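Undergrad: This is query.pdb, which holds PDB, C-alpha atoms:
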ATOM      1  CA  MET A   1      87.570 -33.400  19.112  1.00  0.00           C
ATOM      2  CA  LYS A   2      87.265 -29.788  20.241  1.00  0.00           C
ATOM      3  CA  LYS A   3      86.892 -30.854  23.892  1.00  0.00           C
ATOM      4  CA  CYS A   4      89.966 -33.049  23.619  1.00  0.00           C
ATOM      5  CA  PHE A   5      91.994 -30.199  22.139  1.00  0.00           C
ATOM      6  CA  ILE A   6      90.886 -27.777  24.871  1.00  0.00           C
ATOM      7  CA  PHE A   7      91.695 -30.330  27.579  1.00  0.00           C
ATOM      8  CA  LEU A   8      95.171 -30.969  26.151  1.00  0.00           C
ATOM      9  CA  LEU A   9      95.758 -27.233  25.861  1.00  0.00           C
ATOM     10  CA  LEU A  10      94.832 -26.733  29.536  1.00  0.00           C
ATOM     11  CA  VAL A  11      97.102 -29.588  30.595  1.00  0.00           C
ATOM     12  CA  PHE A  12      99.968 -28.110  28.567  1.00  0.00           C
ATOM     13  CA  ILE A  13      99.459 -24.647  30.077  1.00  0.00           C
ATOM     14  CA  THR A  14      99.311 -26.137  33.564  1.00  0.00           C
ATOM     15  CA  LEU A  15     102.523 -28.077  33.008  1.00  0.00           C
ATOM     16  CA  CYS A  16     104.297 -25.018  31.609  1.00  0.00           C
ATOM     17  CA  THR A  17     103.160 -22.915  34.551  1.00  0.00           C
ATOM     18  CA  LEU A  18     104.268 -25.495  37.070  1.00  0.00           C
ATOM     19  CA  SER A  19     107.523 -26.522  35.402  1.00  0.00           C
ATOM     20  CA  ALA A  20     109.728 -24.307  37.565  1.00  0.00           C
ATOM     21  CA  GLN A  21     108.523 -25.806  40.819  1.00  0.00           C
ATOM     22  CA  SER A  22     109.650 -28.776  42.768  1.00  0.00           C
ATOM     23  CA  ALA A  23     108.067 -31.895  41.308  1.00  0.00           C
ATOM     24  CA  GLU A  24     107.880 -33.466  44.744  1.00  0.00           C
ATOM     25  CA  VAL A  25     105.717 -30.677  46.193  1.00  0.00           C
ATOM     26  CA  ILE A  26     103.442 -30.635  43.145  1.00  0.00           C
ATOM     27  CA  THR A  27     103.065 -34.408  43.380  1.00  0.00           C
ATOM     28  CA  ASP A  28     102.048 -34.064  47.030  1.00  0.00           C
ATOM     29  CA  ILE A  29      99.475 -31.409  46.111  1.00  0.00           C
ATOM     30  CA  VAL A  30      98.004 -33.572  43.340  1.00  0.00           C
ATOM     31  CA  ARG A  31      97.692 -36.519  45.749  1.00  0.00           C
ATOM     32  CA  GLU A  32      95.751 -34.520  48.361  1.00  0.00           C
ATOM     33  CA  GLU A  33      92.184 -35.701  48.911  1.00  0.00           C
ATOM     34  CA  LYS A  34      91.208 -32.215  50.060  1.00  0.00           C
ATOM     35  CA  THR A  35      93.172 -29.101  49.169  1.00  0.00           C
ATOM     36  CA  THR A  36      94.464 -26.829  51.940  1.00  0.00           C
ATOM     37  CA  TRP A  37      95.330 -23.146  52.134  1.00  0.00           C
ATOM     38  CA  LYS A  38      99.073 -23.804  52.051  1.00  0.00           C
ATOM     39  CA  SER A  39      98.662 -25.506  48.655  1.00  0.00           C
ATOM     40  CA  LEU A  40      96.729 -22.503  47.352  1.00  0.00           C
ATOM     41  CA  THR A  41      99.342 -20.032  48.520  1.00  0.00           C
ATOM     42  CA  TYR A  42     102.156 -22.181  47.102  1.00  0.00           C
ATOM     43  CA  LEU A  43     100.706 -22.328  43.591  1.00  0.00           C
ATOM     44  CA  ALA A  44      99.566 -18.694  43.720  1.00  0.00           C
ATOM     45  CA  TYR A  45     103.092 -17.651  44.686  1.00  0.00           C
ATOM     46  CA  TYR A  46     104.576 -19.494  41.707  1.00  0.00           C
ATOM     47  CA  THR A  47     101.871 -18.337  39.285  1.00  0.00           C
ATOM     48  CA  ASP A  48     103.533 -14.938  39.463  1.00  0.00           C
ATOM     49  CA  LEU A  49     106.484 -15.346  37.085  1.00  0.00           C
ATOM     50  CA  LYS A  50     108.834 -13.170  39.133  1.00  0.00           C
ATOM     51  CA  ASN A  51     108.862 -15.926  41.781  1.00  0.00           C
ATOM     52  CA  GLU A  52     109.848 -18.718  39.373  1.00  0.00           C
ATOM     53  CA  SER A  53     113.376 -19.173  40.658  1.00  0.00           C
ATOM     54  CA  ALA A  54     112.597 -18.945  44.377  1.00  0.00           C
ATOM     55  CA  GLN A  55     112.808 -22.177  46.352  1.00  0.00           C
ATOM     56  CA  VAL A  56     110.272 -21.995  49.166  1.00  0.00           C
ATOM     57  CA  SER A  57     107.968 -24.474  50.846  1.00  0.00           C
ATOM     58  CA  PRO A  58     104.160 -24.336  50.943  1.00  0.00           C
ATOM     59  CA  LEU A  59     104.344 -23.305  54.600  1.00  0.00           C
ATOM     60  CA  ASP A  60     106.705 -20.424  53.724  1.00  0.00           C
ATOM     61  CA  THR A  61     104.298 -19.128  51.087  1.00  0.00           C
ATOM     62  CA  PHE A  62     101.390 -19.359  53.535  1.00  0.00           C
ATOM     63  CA  GLU A  63     103.344 -17.250  56.031  1.00  0.00           C
ATOM     64  CA  TYR A  64     104.205 -14.778  53.254  1.00  0.00           C
ATOM     65  CA  PHE A  65     100.546 -14.147  52.402  1.00  0.00           C
ATOM     66  CA  TYR A  66      99.406 -14.347  56.036  1.00  0.00           C
ATOM     67  CA  ASN A  67     101.917 -11.687  57.125  1.00  0.00           C
ATOM     68  CA  ALA A  68     100.792  -9.489  54.220  1.00  0.00           C
ATOM     69  CA  GLY A  69      97.271  -9.532  55.692  1.00  0.00           C
ATOM     70  CA  VAL A  70      95.702 -11.340  52.761  1.00  0.00           C
ATOM     71  CA  ILE A  71      94.609 -14.429  54.696  1.00  0.00           C
ATOM     72  CA  PRO A  72      92.009 -14.139  57.488  1.00  0.00           C
ATOM     73  CA  ALA A  73      93.222 -14.606  61.063  1.00  0.00           C
ATOM     74  CA  ASN A  74      91.126 -17.740  61.676  1.00  0.00           C
ATOM     75  CA  ILE A  75      92.739 -19.649  58.782  1.00  0.00           C
ATOM     76  CA  THR A  76      95.605 -22.084  59.398  1.00  0.00           C
ATOM     77  CA  PRO A  77      97.861 -23.685  56.768  1.00  0.00           C
ATOM     78  CA  ASP A  78      95.906 -26.951  57.002  1.00  0.00           C
ATOM     79  CA  THR A  79      92.424 -25.413  56.819  1.00  0.00           C
ATOM     80  CA  LEU A  80      90.479 -27.003  53.976  1.00  0.00           C
ATOM     81  CA  LEU A  81      90.000 -24.758  50.970  1.00  0.00           C
ATOM     82  CA  ARG A  82      86.530 -23.825  49.699  1.00  0.00           C
ATOM     83  CA  TYR A  83      85.735 -22.630  46.188  1.00  0.00           C
ATOM     84  CA  ASP A  84      84.488 -19.226  47.342  1.00  0.00           C
ATOM     85  CA  ASP A  85      87.577 -18.621  49.500  1.00  0.00           C
ATOM     86  CA  MET A  86      89.821 -19.576  46.593  1.00  0.00           C
ATOM     87  CA  GLY A  87      87.962 -17.254  44.219  1.00  0.00           C
ATOM     88  CA  LEU A  88      88.209 -14.248  46.524  1.00  0.00           C
ATOM     89  CA  PHE A  89      91.864 -14.946  47.336  1.00  0.00           C
ATOM     90  CA  LEU A  90      92.900 -15.167  43.680  1.00  0.00           C
ATOM     91  CA  LEU A  91      90.913 -12.127  42.552  1.00  0.00           C
ATOM     92  CA  LYS A  92      92.247 -10.032  45.448  1.00  0.00           C
ATOM     93  CA  VAL A  93      95.883 -11.141  45.425  1.00  0.00           C
ATOM     94  CA  PHE A  94      96.279 -10.819  41.669  1.00  0.00           C
ATOM     95  CA  ASP A  95      94.117  -7.652  41.628  1.00  0.00           C
ATOM     96  CA  VAL A  96      92.172  -8.902  38.621  1.00  0.00           C
ATOM     97  CA  LYS A  97      90.211  -6.125  36.937  1.00  0.00           C
ATOM     98  CA  ILE A  98      86.670  -7.276  36.261  1.00  0.00           C
ATOM     99  CA  THR A  99      83.519  -5.509  35.162  1.00  0.00           C
ATOM    100  CA  SER A 100      80.954  -7.040  37.528  1.00  0.00           C
ATOM    101  CA  ILE A 101      79.165  -4.238  39.346  1.00  0.00           C
ATOM    102  CA  LEU A 102      78.197  -6.478  42.261  1.00  0.00           C
ATOM    103  CA  TYR A 103      81.753  -7.731  42.792  1.00  0.00           C
ATOM    104  CA  TYR A 104      83.137  -4.223  42.400  1.00  0.00           C
ATOM    105  CA  CYS A 105      80.724  -2.856  45.036  1.00  0.00           C
ATOM    106  CA  PHE A 106      80.880  -5.642  47.598  1.00  0.00           C
ATOM    107  CA  GLU A 107      84.009  -7.759  46.904  1.00  0.00           C
ATOM    108  CA  THR A 108      82.735 -10.756  48.853  1.00  0.00           C
ATOM    109  CA  ARG A 109      83.352 -14.478  48.522  1.00  0.00           C
ATOM    110  CA  ARG A 110      79.925 -14.973  46.964  1.00  0.00           C
ATOM    111  CA  TYR A 111      80.530 -12.594  44.068  1.00  0.00           C
ATOM    112  CA  ALA A 112      84.116 -13.745  43.610  1.00  0.00           C
ATOM    113  CA  PHE A 113      82.815 -17.300  43.250  1.00  0.00           C
ATOM    114  CA  ARG A 114      80.251 -16.170  40.674  1.00  0.00           C
ATOM    115  CA  GLN A 115      82.934 -14.322  38.702  1.00  0.00           C
ATOM    116  CA  MET A 116      85.196 -17.364  38.632  1.00  0.00           C
ATOM    117  CA  LYS A 117      82.300 -19.438  37.265  1.00  0.00           C
ATOM    118  CA  TYR A 118      81.625 -16.731  34.680  1.00  0.00           C
ATOM    119  CA  PHE A 119      85.273 -16.811  33.547  1.00  0.00           C
ATOM    120  CA  GLY A 120      85.035 -20.606  33.191  1.00  0.00           C
ATOM    121  CA  ILE A 121      87.632 -21.261  35.873  1.00  0.00           C
ATOM    122  CA  PHE A 122      85.183 -23.056  38.185  1.00  0.00           C
ATOM    123  CA  GLN A 123      82.775 -25.687  36.903  1.00  0.00           C
ATOM    124  CA  GLN A 124      79.182 -24.557  36.422  1.00  0.00           C
ATOM    125  CA  ASP A 125      77.887 -27.239  38.812  1.00  0.00           C
ATOM    126  CA  ALA A 126      80.269 -26.278  41.648  1.00  0.00           C
ATOM    127  CA  PHE A 127      78.945 -24.890  44.929  1.00  0.00           C
ATOM    128  CA  PRO A 128      80.713 -22.189  46.987  1.00  0.00           C
ATOM    129  CA  GLY A 129      81.246 -24.374  50.058  1.00  0.00           C
ATOM    130  CA  ASP A 130      82.546 -27.413  48.175  1.00  0.00           C
ATOM    131  CA  LYS A 131      86.056 -28.714  48.770  1.00  0.00           C
ATOM    132  CA  MET A 132      88.268 -29.960  45.926  1.00  0.00           C
ATOM    133  CA  ASN A 133      90.902 -32.655  45.552  1.00  0.00           C
ATOM    134  CA  GLY A 134      94.490 -31.904  44.609  1.00  0.00           C
ATOM    135  CA  SER A 135      94.435 -32.844  40.941  1.00  0.00           C
ATOM    136  CA  PHE A 136      91.319 -30.797  40.293  1.00  0.00           C
ATOM    137  CA  PHE A 137      92.863 -27.890  42.203  1.00  0.00           C
ATOM    138  CA  VAL A 138      95.970 -27.909  39.989  1.00  0.00           C
ATOM    139  CA  THR A 139      93.695 -27.901  36.925  1.00  0.00           C
ATOM    140  CA  ILE A 140      91.828 -24.857  38.282  1.00  0.00           C
ATOM    141  CA  MET A 141      95.098 -23.003  38.840  1.00  0.00           C
ATOM    142  CA  GLY A 142      96.089 -23.828  35.258  1.00  0.00           C
ATOM    143  CA  LYS A 143      92.791 -22.408  34.006  1.00  0.00           C
ATOM    144  CA  PHE A 144      93.349 -19.263  36.077  1.00  0.00           C
ATOM    145  CA  SER A 145      96.819 -18.867  34.558  1.00  0.00           C
ATOM    146  CA  SER A 146      95.447 -19.251  31.045  1.00  0.00           C
ATOM    147  CA  VAL A 147      92.544 -16.815  31.568  1.00  0.00           C
ATOM    148  CA  PHE A 148      94.810 -14.238  33.250  1.00  0.00           C
ATOM    149  CA  PRO A 149      98.275 -14.866  31.749  1.00  0.00           C
ATOM    150  CA  ASP A 150      99.708 -11.526  32.879  1.00  0.00           C
ATOM    151  CA  ALA A 151      98.486 -11.796  36.480  1.00  0.00           C
ATOM    152  CA  LYS A 152     100.953 -10.443  39.023  1.00  0.00           C
ATOM    153  CA  ILE A 153     100.726 -10.501  42.798  1.00  0.00           C
ATOM    154  CA  VAL A 154      99.695  -7.056  44.001  1.00  0.00           C
ATOM    155  CA  PHE A 155      99.165  -6.124  47.621  1.00  0.00           C
ATOM    156  CA  ASN A 156      96.925  -3.090  47.689  1.00  0.00           C
ATOM    157  CA  ASN A 157      95.400  -1.357  50.672  1.00  0.00           C
ATOM    158  CA  ARG A 158      91.761  -1.781  49.718  1.00  0.00           C
ATOM    159  CA  GLY A 159      91.213  -4.229  52.543  1.00  0.00           C
ATOM    160  CA  TYR A 160      90.122  -7.828  52.504  1.00  0.00           C
ATOM    161  CA  TYR A 161      86.566  -8.587  53.542  1.00  0.00           C
ATOM    162  CA  TRP A 162      86.300 -12.104  54.863  1.00  0.00           C
TER
END
Kindly present the structure from the file in structure tokens form.
TA:
Amino acid sequence: MKKCFIFLLLVFITLCTLSAQSAEVITDIVREEKTTWKSLTYLAYYTDLKNESAQVSPLDTFEYFYNAGVIPANITPDTLLRYDDMGLFLLKVFDVKITSILYYCFETRRYAFRQMKYFGIFQQDAFPGDKMNGSFFVTIMGKFSSVFPDAKIVFNNRGYYW
């Protein structure tokens, strides 16, 4: 019963978070067999509530983050997304304050992945290099939004170590 309640709560939070976006784009993301960077940037852009009313495409949001220097130069919009890349991107872009000494010192994909597992955002049996399908990706973004409800996009000058 408790698992069912938690699952329904996560689905509700995900739907509330995604309600302002175009249903067509979200449907396309859910149908993806493997998630790409443009899908990540699209949902990350709309996770920040100040961007709720903006009408942009996934490619526009990729360019937005790429031009801000957040995405590595060797990444294209259609590059497949890995768990560790997603973890580092979300922790960096939303400037999440965490207490892990190793992540604080090194800020690498490895420690970002471990932190996301610790927060319960990634499954415990996930591996850093694994790819995810679209529906699972949307669920992960919903979990991120529920764990960090006040997350705002912040571009700081600490650098991004890819």
Undergrad: When distances are computed from all atoms listed in the file, which of A:Thr139, A:Ser145, A:Gln55, A:Thr36 shows the smallest separation from Arg82 (chain A)?
TA: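 Among the listed residues, the smallest separation from Arg82 (chain A) belongs to A:Thr36.
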Undergrad: Please report the interatomic distance between CA of Ala44 (chain A) and CA of Pro72 (chain A) in Å with one decimal.
TA: 16.4 Å
Undergrad: The PyMOL selection byres ((chain A and resi 143) around 9) - which residues does that actually catch in the file I just gave you? List them as a count of residues only.
TA: 16
Undergrad: Write out as a PyMOL selection string each polymer residue whose atoms come within 12 Å of Tyr103 (chain A), counting only C-alpha atoms; drop sequence neighbours fewer than 3 positions from it.
TA: chain A and resi 87-88+91-92+96-100+106-116+161
Undergrad: From the set A:Phe94, A:Ser57, A:Leu43, A:Lys38, which residue has the shortest atom-to-atom contact distance to Ile75 (chain A), counting all atoms listed in the file?
TA: A:Lys38
Undergrad: Which residue is closest to Tyr64 (chain A)? Choose from A:Asp28, A:Met86, A:Asp48, A:Thr41 and count all atoms listed in the file.
TA: A:Thr41
Undergrad: When you draw a straight line from CA of Val70 (chain A) to CA of Val93 (chain A), how long is it in Å?
TA: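 A separation of 7.3 Å between them.
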Undergrad: Let me make sure I understand: among A:Cys105, A:Met132, A:Ala68, A:Ala73, which one has the smallest atom-to-atom distance to Ile153 (chain A) if we use only C-alpha atoms?
TA: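 Among the listed residues, A:Ala68 lies closest to Ile153 (chain A).
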Undergrad: What does the structure give for the distance between CA of Val154 (chain A) and CA of Glu24 (chain A), in Å to one decimal?
TA: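 Pair CA of Val154 (chain A) / CA of Glu24 (chain A) returns 27.7 Å.
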Undergrad: If I wrap all listed atoms of region 139-152 of chain A in a box with edges along x, y and z and add 3 Å on each side, what are its centre and edge lengths in Å to one decimal, as AutoDock Vina command-line options?
TA:
--center_x 96.4 --center_y -19.2 --center_z 35.0 --size_x 15.1 --size_y 23.5 --size_z 14.0
Undergrad: Run the PyMOL selection byres ((chain A and resi 62) around 9) against the file shown and list the residues it catches, as a count of residues only.
TA: 19
Undergrad: Using all atoms listed in the file, can you tell me which of A:Asn74, A:Thr47, A:Thr27, A:Thr79 comes closest to Ser135 (chain A)?
TA: A:Thr27
Undergrad: Could you tell me, as a PyMOL selection string, exactly which residues end up selected when the PyMOL selection byres ((chain A and resi 35) around 6) is applied to this structure?
TA: chain A and resi 34+36+80-81+132-134
Undergrad: Hey, could you patch up region 92-111 of chain A with N, CA and C atoms and hand it over as a PDB file, in the frame of the given file?
TA:
ATOM      1  N   LYS A  92      91.657 -11.103  44.636  1.00  0.00           N
ATOM      2  CA  LYS A  92      92.247 -10.032  45.448  1.00  0.00           C
ATOM      3  C   LYS A  92      93.768  -9.977  45.295  1.00  0.00           C
ATOM      4  N   VAL A  93      94.418 -11.118  45.433  1.00  0.00           N
ATOM      5  CA  VAL A  93      95.883 -11.141  45.425  1.00  0.00           C
ATOM      6  C   VAL A  93      96.438 -10.725  44.071  1.00  0.00           C
ATOM      7  N   PHE A  94      95.801 -11.165  43.002  1.00  0.00           N
ATOM      8  CA  PHE A  94      96.279 -10.819  41.669  1.00  0.00           C
ATOM      9  C   PHE A  94      95.626  -9.546  41.145  1.00  0.00           C
ATOM     10  N   ASP A  95      94.771  -8.925  41.954  1.00  0.00           N
ATOM     11  CA  ASP A  95      94.117  -7.652  41.628  1.00  0.00           C
ATOM     12  C   ASP A  95      93.552  -7.682  40.206  1.00  0.00           C
ATOM     13  N   VAL A  96      92.771  -8.720  39.939  1.00  0.00           N
ATOM     14  CA  VAL A  96      92.172  -8.902  38.621  1.00  0.00           C
ATOM     15  C   VAL A  96      91.113  -7.834  38.400  1.00  0.00           C
ATOM     16  N   LYS A  97      91.188  -7.156  37.287  1.00  0.00           N
ATOM     17  CA  LYS A  97      90.211  -6.125  36.937  1.00  0.00           C
ATOM     18  C   LYS A  97      89.034  -6.787  36.239  1.00  0.00           C
ATOM     19  N   ILE A  98      87.865  -6.695  36.854  1.00  0.00           N
ATOM     20  CA  ILE A  98      86.670  -7.276  36.261  1.00  0.00           C
ATOM     21  C   ILE A  98      85.573  -6.230  36.201  1.00  0.00           C
ATOM     22  N   THR A  99      84.556  -6.506  35.408  1.00  0.00           N
ATOM     23  CA  THR A  99      83.519  -5.509  35.162  1.00  0.00           C
ATOM     24  C   THR A  99      82.221  -5.777  35.902  1.00  0.00           C
ATOM     25  N   SER A 100      82.171  -6.745  36.786  1.00  0.00           N
ATOM     26  CA  SER A 100      80.954  -7.040  37.528  1.00  0.00           C
ATOM     27  C   SER A 100      80.678  -5.935  38.541  1.00  0.00           C
ATOM     28  N   ILE A 101      79.523  -5.324  38.428  1.00  0.00           N
ATOM     29  CA  ILE A 101      79.165  -4.238  39.346  1.00  0.00           C
ATOM     30  C   ILE A 101      79.017  -4.768  40.765  1.00  0.00           C
ATOM     31  N   LEU A 102      78.397  -5.928  40.923  1.00  0.00           N
ATOM     32  CA  LEU A 102      78.197  -6.478  42.261  1.00  0.00           C
ATOM     33  C   LEU A 102      79.526  -6.821  42.931  1.00  0.00           C
ATOM     34  N   TYR A 103      80.450  -7.432  42.195  1.00  0.00           N
ATOM     35  CA  TYR A 103      81.753  -7.731  42.792  1.00  0.00           C
ATOM     36  C   TYR A 103      82.506  -6.440  43.097  1.00  0.00           C
ATOM     37  N   TYR A 104      82.437  -5.489  42.204  1.00  0.00           N
ATOM     38  CA  TYR A 104      83.137  -4.223  42.400  1.00  0.00           C
ATOM     39  C   TYR A 104      82.628  -3.501  43.647  1.00  0.00           C
ATOM     40  N   CYS A 105      81.312  -3.546  43.879  1.00  0.00           N
ATOM     41  CA  CYS A 105      80.724  -2.856  45.036  1.00  0.00           C
ATOM     42  C   CYS A 105      80.980  -3.587  46.352  1.00  0.00           C
ATOM     43  N   PHE A 106      80.854  -4.901  46.342  1.00  0.00           N
ATOM     44  CA  PHE A 106      80.880  -5.642  47.598  1.00  0.00           C
ATOM     45  C   PHE A 106      82.160  -6.438  47.832  1.00  0.00           C
ATOM     46  N   GLU A 107      82.784  -6.965  46.808  1.00  0.00           N
ATOM     47  CA  GLU A 107      84.009  -7.759  46.904  1.00  0.00           C
ATOM     48  C   GLU A 107      83.927  -8.830  47.992  1.00  0.00           C
ATOM     49  N   THR A 108      82.919  -9.669  47.894  1.00  0.00           N
ATOM     50  CA  THR A 108      82.735 -10.756  48.853  1.00  0.00           C
ATOM     51  C   THR A 108      83.033 -12.096  48.189  1.00  0.00           C
ATOM     52  N   ARG A 109      83.092 -13.133  49.031  1.00  0.00           N
ATOM     53  CA  ARG A 109      83.352 -14.478  48.522  1.00  0.00           C
ATOM     54  C   ARG A 109      82.285 -14.922  47.537  1.00  0.00           C
ATOM     55  N   ARG A 110      81.040 -14.561  47.829  1.00  0.00           N
ATOM     56  CA  ARG A 110      79.925 -14.973  46.964  1.00  0.00           C
ATOM     57  C   ARG A 110      80.111 -14.461  45.543  1.00  0.00           C
ATOM     58  N   TYR A 111      80.399 -13.171  45.403  1.00  0.00           N
ATOM     59  CA  TYR A 111      80.530 -12.594  44.068  1.00  0.00           C
ATOM     60  C   TYR A 111      81.846 -12.989  43.399  1.00  0.00           C
TER      61      TYR A 111
END
